[in-house]
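Presented below is the structure to which this report refers.
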Amino acid sequence: MNSTTKKVGAIAAVALLLAGCAAGTPEAEETDGGSARGGLLTIGQLGDVASWDPAQAHVGHALVPYQLVYDTLILREPDGALSPMLATEWKYNDDRTVLTLELRDDVTFSDGEAFDAEAVAANLEHFKASNGRQAVQLTQFESATPVDEDTVEISLVQPDPAMEYYLSQAAGLMASPAAIEAGTLETDPVGTGPYLYDKVNSVRDSQSLFTAKEDYWNSDLQKWDEVELRILGDISARVNAIISGQVDWTTIEAKSADQAEGAGLEIIPDYQVDWTGMTFLDRDGVINPALTDERVRQAINYAVDRDTLLEQLQLGRGTATSQVFGPDSGAFVDDLEEYYTYDPEKATELLEEAGYADGFELKLPVIPAFATQITALAQQLGEVGITVTQETVPQPNYVADVTQKKFEAFNFNLFQGEAWVAINQLISPTATFNPFGTTDPELEALISVVQQGGDDSAEAAQDVNRYVTENAWFLPLYRIDQISVFNPETVTVVAQTQSAMPSIYNFSPAE
Amino acid sequence: MLTFTLRRLASGLGLLVVISMLTYTLLFFSSTSIARNILGEQATLEQIALKEAELGLDQPLPVRYLGWAGAALRGDLGESWFNGEPVTQTILNRLPVTLVLMIVSIVLVALIATALGVIAAVRRGWVDKTVQVGAVVGDAIPGFVLALLLVTIFAVNLGWFPAVSTIRPGAGPEAWIISLSLPVIAIVVNYVTSSAQQIRSSVIKELDKDYVRTLRSRGLGEREIVLKNVLRSAAPAGLTVLSLQFIGLLGGVIILEQIFAIPGIGPLFVTATTLGDIPVVMGMTIVTVVIVIIVNLLVDVAQGALNPKVRLS
C-alpha cells in the first residue's frame with residue numbers, strides 16, 4: 001500500500017466516523033420554547049389534497065394536510081374539547097345568533113401579512129363564496145364584522161350548535177387575505193401554521209414535504225423539524241411501507257391488522273369513527289314504493305345478521321349497532337345499540353303485514369369498495385324474499401348519483417360526528433344524504449330544539465336518534481375500527497375523536 | 001434513408017392526431033358528472049352550470065377538441081381541472097422517473113436476453129431448456145404478482161430494499177438505484193425469457209441458412225460467424241420484440257408504480273382517469289403516443305441500418 005492510498009484510506013475512515021457520529025446524534029433537539037422537537041415525521045397518507053385553498057378543505061384524513069400550514073381559529077383537543085388557538089376566547093349573544101371572537105394579536109401569516117379581525121372576515125367570506133366540499137359548515141353564516149383589530153363578530157342566520165366545532169375544522173382554517181385576493185392558494189398555501197409547504201421538494205399525488213416554521217407562535221404544537229406526507233393510495237403499498245418502517249403512521253385494513261401487530265407496530269385502540277351500512281334514501285317512495293312503509297325498512301333491519309357480517313367483513317374489528325350516532329356524539333342512546341337483533345321470522349312477518357309477502361326488489365348502486373358487503377347483504381336479504389339487484393356505477397359518480405336522487409338506497413361508510421353535524425349530514429330535510437328531503441313534523445320539531453342549543457338540546461338529539469332508529473331510516477351494521485397503525489419506536493399517536501385520522505398535533509416523537 | 005425517416009415521422013404524426021381525437025371523444029362521453037366531482041357533494045345546480053361553462057363542457061365536441069388541440073399545438077396542455085397544476089409541469093415532474101425505470105429495464109432485458117438467446121441457440125443443452133421453460137413461466141406470471149412477491153421477501157422481510165420508493169425531487173443517485181432495483185428486477189424477470197426465446201428462434205433459423213454453411217466452409221470460426229453475421233441478421237426480430245415489450249411496459253409500469261409508490265406517471269394516470277381529469281389524461285395520452293412513435297421510429301431506423309431491404313418496403 002503506497003502513501004497516497006493510505007491517506008485516502010485515512011480520510012475515508014474519518015469521513016465514515018463523522019458520518020457515524022452525525023447519524024448517532026439524537027433526533028430530538030431543544031427549541032427556543034423549551035419543548036423537544038422530533039426530526040422527520042413520515043405519514044402514509046391516503047390521498048393528496050386537490051387544492052391548498054382552505055376553502056376546499058375536507059374532514060378527517062383530508063383535513064390534516066391543511067393543519068400543517070394553516071391554524072384554525074379554535075383548537076379541537078383529541079377528546080373533542082374546544083380550546084383557544086388563533087381565537088383566545090369566544091362567546092354567544094343571548095339568542096345564539098352572534099358569536100364574538102377575541103383574537104391573538106401576535107400572529108403573522110408566512111407572507112408577512114398580519115393576522116387580525118379583517119383576515120378572519122375575509123376567510124369566512126371566501127369560504128362561504130367558494131362553496132367547497134365542506135360548504136355545509138357555513139350554512140348559517142351571514143356575515144363577519146371586525147369590531148376592532150382583534151375582535152370579530154360572526155352573525156348567523158339561525159343558531160348553529162356546531163359553529164364552534166366548525167371553526168376548529170375546515171371553516172376555521174385561516175389563510176393570508178393577500179393570497180386569497182391573489183387567487184394563488186390552490187398551489188401555494190399561505191397560513192400561520194406550524195410548518196411551511198416545501199413546494200420544490202413536493203410532487204403532487206406522490207409526496208408533500210413541510211418544514212418547521214421558525215418563530216411559530218406556539219412551539220407546543222410544533223413537534224417536528226420536518227413532516228412528509230407520502231401519498232400511498234394503494235393499500236398494499238401502505239401495509240408494506242409501515243411494516244418495513246418507511247412511514248411512521250398510516251391507516252390500513254382489518255385484514256392486515258394482525259400482520260402489523262406481529263411486526264411490532266401498534267394500533268390505536270378503541271378508535272371508531274364511521275359506521276357502515278345502508279341509507280334508505282327514498283322514504284317517500286318516488287322510485288321504490290316499498291320503502292315508504294317503515295315496516296319494510298324495519299324488516300330489512302331484522303333480516304340482517306350484524307355479528308356475522310362484522311366477523312366476515314371486518315374480522316370482528318368493530319361493534320355491531322342499530323344506531324347511526326356514535327358514543328361521543330351526545331345523541332347516543334345505550335339501549336338503541338341492539339334495537340334490531342337478527343330475527344328473520346320477524347322480518348318475514350313485518351313484510352307480510354306491509355303487503356310484501358312475496359318480497360320486493362331493492363336496487364343498490366355498487367362500487368368496488370362495497371361489492372363484498374353488498375353481496376353479503378343481498379344473500380341475507382334474499383332469505384326473507386327481498387331481491388337485491390346491483391348496478392355498478394363508476395367510482396367518481398357514486399356520491400354524485402346518490403345526491404342526484406338516482407337511487408332508492410345506498411351503502412356507505414358514514415362519519416359519526418357531533419349530533420348536529422350528523423343531523424345535517426344524514427337527517428335534516430336539507431342533509432346531503434337525504435336527497436329526497438324526506439321528513440316528518442315530529443322529527444323537525446326535535447331538530448329545531450337541537451338547533452337552539454339550549455338545555456334541552458342533548459335530550460332532543462337523543463330523541464332524533466330514537467326517531468330515526470325506530471322508524472328505520474337506515475340499516476346500520478356496525479361501527480368500524482380504524483386500523484390506525486404506528487411505529488412505537490419513532491412516534492406516539494393519540495386518537496382524535498370523530499376523525500378518521502389523528503390531528504397533526506397528536507403525533508409526538510416517541511419517548 | 002432520410003425520406004424513409006420522414007415518411008415514418010409523417011405517419012406517426014397522423015397517428016397522434018387520430019388517437020388524440022379518439023381519446024377526447026371517449027372522455028367526452030364519459031364525463032357526465034365532472035363538474036359535480038370538482039365542486040363537491042353540496043354544489044348547487046347553478047354552480048355546476050357555471051363550472052361547466054368555465055371548463056367549456058357546454059360546448060359541442062368538435063369545438064372543445066379544436067380548442068384543446070390548438071392550445072396543445074402551441075405547447076399548452078392546460079391545467080388539471082382538479083388541482084390547477086399545469087399539465088406540462090406535472091408530466092415533466094414524473095416522466096423522467098418512469099422513463100428511467102423503463103429504459104434501464106429494457107436495456108437489461110436486451111443484454112441478458114441476447115446473451116441467453118444466443119447461448120441457447122448455439123449450445124442448446126440445459127440453457128436452452130431453461131429458456132424454453134422460462135418463456136412459458138415468464139409469460140404466465142403477471143408482473144405485479146412477481147413485484148408483490150419481491151417486495152414481501154426483499155423489502156418487508158429482509159429489509160434490503162425500501163418497500164416504497166424513496167425518490168424525491170433532487171434525490172441522489174442512490175435513492176434512484178435502491179428504489180428502482182426491485183421494480184427493474186420484476187420487469188427483467190418477467191420479460192427476459194420470452195425475448196430470449198425469440199432471439200433463440202431467429203438465431204437458430206439463421207444458423208440453418210446457406211450463407212452460414214458457406215462461411216463455415218471458408219474456415220471462419222463459429223464465434224465470429226455468430227457474433228458478426230448471424231446476430232446481425234437475427235437482430236431485427238429481436239428488436240421488434242423488444243420494442244413491443246417497451247410499449248407494453250408503458251401499461252405495465254402503471255401497476256408497478258402503484259405498488260412501489262414510485263412518483264412516475266403511473267399513479268397520476270390512475271388518479272386522473274378515475275377523476276375524469278381530461279387535461280391530465282389527454283396530456284398523458286399525447287406523451288405516451290409520442291413515446292410509442294419515437295420507439296417505433298428508432299426501431300425502424302435501426303432495422304433500416306441493419307438491413308437495407310427494409311428501407312425499400
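In the C-alpha cells, the first chain shown is A, the next is B, and so on; residue numbers restart at 1 for each chain, and ligands run from 1 in the order shown.
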
Select all residues from chain A having any atom no more than 9 Å from an atom of chain B (counting only C-alpha atoms, ignoring ligands), output as JSON, numbers by chain.
{"A": [49, 50, 51, 52, 56, 131, 132, 133, 134, 135, 136, 186, 187, 200, 201, 202, 203, 204, 205, 206, 207, 230, 231, 232, 233, 234, 235, 236, 237, 238, 240, 241, 242, 243, 244, 245, 246, 394, 395, 396, 397, 399, 400, 401, 403, 432]}

Polymer residues at most 12 Å from Tyr211 in chain B, only C-alpha atoms, same-chain spacing of 3 or more positions, as number ranges by chain:
B: 205-208, 214-218, 220, 225-226, 229-230, 233

Pick from A:Glu489, A:Glu391, A:Asp328, A:Glu337: nearest to Gly80 in chain A, with only C-alpha atoms counted?
A:Asp328

Within 12 Å of Leu22 in chain B, counting only C-alpha atoms, which residues qualify if same-chain residues fewer than 4 places away don't, as an MDAnalysis selection string?
chainID B and resid 15:18 26:29 61:62 65 282 285:286

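Every protein, DNA or RNA residue with an atom at most 9 Å from Asp71 in chain A, where only C-alpha atoms count and chain neighbours fewer than 6 positions away do not, is listed here: Met85, Leu86, Ser168, Gly172, Leu173, Met174, Ala175, Gly191, Thr192, Gly193 and Pro194 of chain A.
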
Using DSSP on the backbone coordinates, identify the residues of range 106-167 of chain A assigned to strand (DSSP E or B); present them as an mmCIF file with N, CA and C atoms, in the first residue's frame.
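Just written: part_12.cif:
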data_model
loop_
_atom_site.group_PDB
_atom_site.id
_atom_site.type_symbol
_atom_site.label_atom_id
_atom_site.label_comp_id
_atom_site.auth_asym_id
_atom_site.auth_seq_id
_atom_site.Cartn_x
_atom_site.Cartn_y
_atom_site.Cartn_z
ATOM 1 N N THR A 108 -48.534 36.347 12.597
ATOM 2 C CA THR A 108 -48.499 36.817 11.205
ATOM 3 C C THR A 108 -48.526 35.623 10.261
ATOM 4 N N ALA A 114 -50.439 40.558 8.512
ATOM 5 C CA ALA A 114 -50.847 40.396 9.905
ATOM 6 C C ALA A 114 -52.133 39.578 9.988
ATOM 7 N N PHE A 141 -73.922 30.878 8.289
ATOM 8 C CA PHE A 141 -73.097 32.090 8.359
ATOM 9 C C PHE A 141 -73.738 33.215 7.550
ATOM 10 N N GLU A 142 -73.848 34.397 8.168
ATOM 11 C CA GLU A 142 -74.419 35.533 7.441
ATOM 12 C C GLU A 142 -73.333 36.540 7.100
ATOM 13 N N SER A 143 -72.567 36.947 8.127
ATOM 14 C CA SER A 143 -71.521 37.937 7.881
ATOM 15 C C SER A 143 -70.530 37.930 9.033
ATOM 16 N N ALA A 144 -69.355 38.495 8.770
ATOM 17 C CA ALA A 144 -68.361 38.646 9.827
ATOM 18 C C ALA A 144 -67.945 40.116 9.844
ATOM 19 N N THR A 145 -68.029 40.720 11.033
ATOM 20 C CA THR A 145 -67.736 42.146 11.136
ATOM 21 C C THR A 145 -66.590 42.377 12.119
ATOM 22 N N PRO A 146 -65.492 42.975 11.655
ATOM 23 C CA PRO A 146 -64.428 43.316 12.598
ATOM 24 C C PRO A 146 -64.905 44.423 13.536
ATOM 25 N N VAL A 147 -64.756 44.208 14.838
ATOM 26 C CA VAL A 147 -65.136 45.240 15.812
ATOM 27 C C VAL A 147 -63.932 46.139 16.057
ATOM 28 N N ASP A 148 -62.792 45.501 16.330
ATOM 29 C CA ASP A 148 -61.518 46.220 16.325
ATOM 30 C C ASP A 148 -60.485 45.252 15.773
ATOM 31 N N THR A 151 -60.905 41.722 17.495
ATOM 32 C CA THR A 151 -62.239 41.235 17.861
ATOM 33 C C THR A 151 -63.082 41.151 16.594
ATOM 34 N N VAL A 152 -63.785 40.039 16.449
ATOM 35 C CA VAL A 152 -64.636 39.901 15.268
ATOM 36 C C VAL A 152 -65.973 39.297 15.686
ATOM 37 N N GLU A 153 -67.025 39.782 15.036
ATOM 38 C CA GLU A 153 -68.373 39.271 15.330
ATOM 39 C C GLU A 153 -68.869 38.470 14.139
ATOM 40 N N ILE A 154 -69.261 37.227 14.423
ATOM 41 C CA ILE A 154 -69.796 36.380 13.357
ATOM 42 C C ILE A 154 -71.309 36.317 13.535
ATOM 43 N N SER A 155 -72.051 36.799 12.541
ATOM 44 C CA SER A 155 -73.511 36.782 12.622
ATOM 45 C C SER A 155 -74.050 35.572 11.870
ATOM 46 N N LEU A 156 -75.037 34.925 12.512
ATOM 47 C CA LEU A 156 -75.624 33.731 11.914
ATOM 48 C C LEU A 156 -77.067 33.993 11.521
#

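Take CA of Val485 in chain A and CA of Glu261 in chain A: the distance between them is 8.6 Å.
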
Report as a tab-separated table (two decimals) with C-alpha atoms, in the first residue's frame all protein, DNA and RNA residues lying within 12 Å of range 305-310 of chain A, evaluated on only C-alpha atoms, omitting residues in the same chain fewer than 5 positions from it.
chain	number	residue	atom	x	y	z
A	254	ALA	CA	-58.62	-5.02	9.22
A	275	TRP	CA	-70.49	3.40	10.79
A	276	THR	CA	-71.15	1.26	7.76
A	277	GLY	CA	-74.44	0.16	6.29
A	300	ILE	CA	-84.62	-5.28	6.44
A	315	LEU	CA	-62.61	-9.81	11.11
A	316	GLY	CA	-64.54	-8.73	14.16
A	317	ARG	CA	-62.77	-5.37	14.37
A	318	GLY	CA	-65.77	-3.18	15.09
A	319	THR	CA	-69.00	-3.01	17.11
A	320	ALA	CA	-72.39	-4.11	15.80
A	321	THR	CA	-75.01	-1.40	16.23
A	322	SER	CA	-78.53	-0.34	15.27
A	337	GLU	CA	-77.35	-0.36	20.36
A	338	GLU	CA	-79.19	-3.67	19.93
A	339	TYR	CA	-82.58	-2.32	18.90
A	340	TYR	CA	-82.64	-4.62	15.88
A	341	THR	CA	-81.48	-8.15	16.51
A	342	TYR	CA	-81.14	-10.89	13.90
A	343	ASP	CA	-84.70	-12.20	13.58
A	344	PRO	CA	-85.58	-13.39	10.06
A	347	ALA	CA	-88.69	-9.77	9.22
A	372	THR	CA	-68.39	-7.74	-0.96
A	373	GLN	CA	-70.55	-6.08	1.67
A	374	ILE	CA	-73.47	-5.70	-0.73
A	375	THR	CA	-73.18	-9.28	-1.91
A	376	ALA	CA	-73.27	-10.48	1.71
A	377	LEU	CA	-76.29	-8.25	2.42
A	378	ALA	CA	-78.01	-9.44	-0.75
A	379	GLN	CA	-77.66	-13.02	0.40
A	380	GLN	CA	-79.13	-12.34	3.84
A	381	LEU	CA	-81.98	-10.23	2.46
A	383	GLU	CA	-83.52	-15.30	2.66
A	475	LEU	CA	-79.67	-0.03	8.11
A	476	PRO	CA	-76.65	0.50	10.39
A	477	LEU	CA	-74.49	-2.64	10.55
A	478	TYR	CA	-71.52	-1.81	12.72
A	479	ARG	CA	-69.04	0.87	13.74
A	480	ILE	CA	-65.72	0.20	12.03
A	481	ASP	CA	-62.47	0.09	14.00

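Residues with any atom within 7 Å of Ile106 in chain B, counting only C-alpha atoms and excluding same-chain neighbours fewer than 4 positions away, are B:Met102, B:Ala110, B:Phe246.
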
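In this model, the gap between CA of Val69 in chain A and CA of Thr492 in chain A comes to 21.2 Å.
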
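Residues in contact range of range 119-122 of chain B, defined as at most 10 Å between only C-alpha atoms, with sequence neighbours fewer than 6 positions away removed, read Ala113, Asp128, Lys129, Thr130, Val131, Gln132, Ala196, Gln197, Ile199, Arg200, Ser201, Ser202, Val203, Ile204, Lys205, Leu207, Glu222, Arg223 and Val226 of chain B.
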
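The smallest atom-to-atom distance between Gly78 in chain B and any of B:Ala234, B:Ile112, B:Val281, B:Asp300, using only C-alpha atoms, is found for B:Val281.
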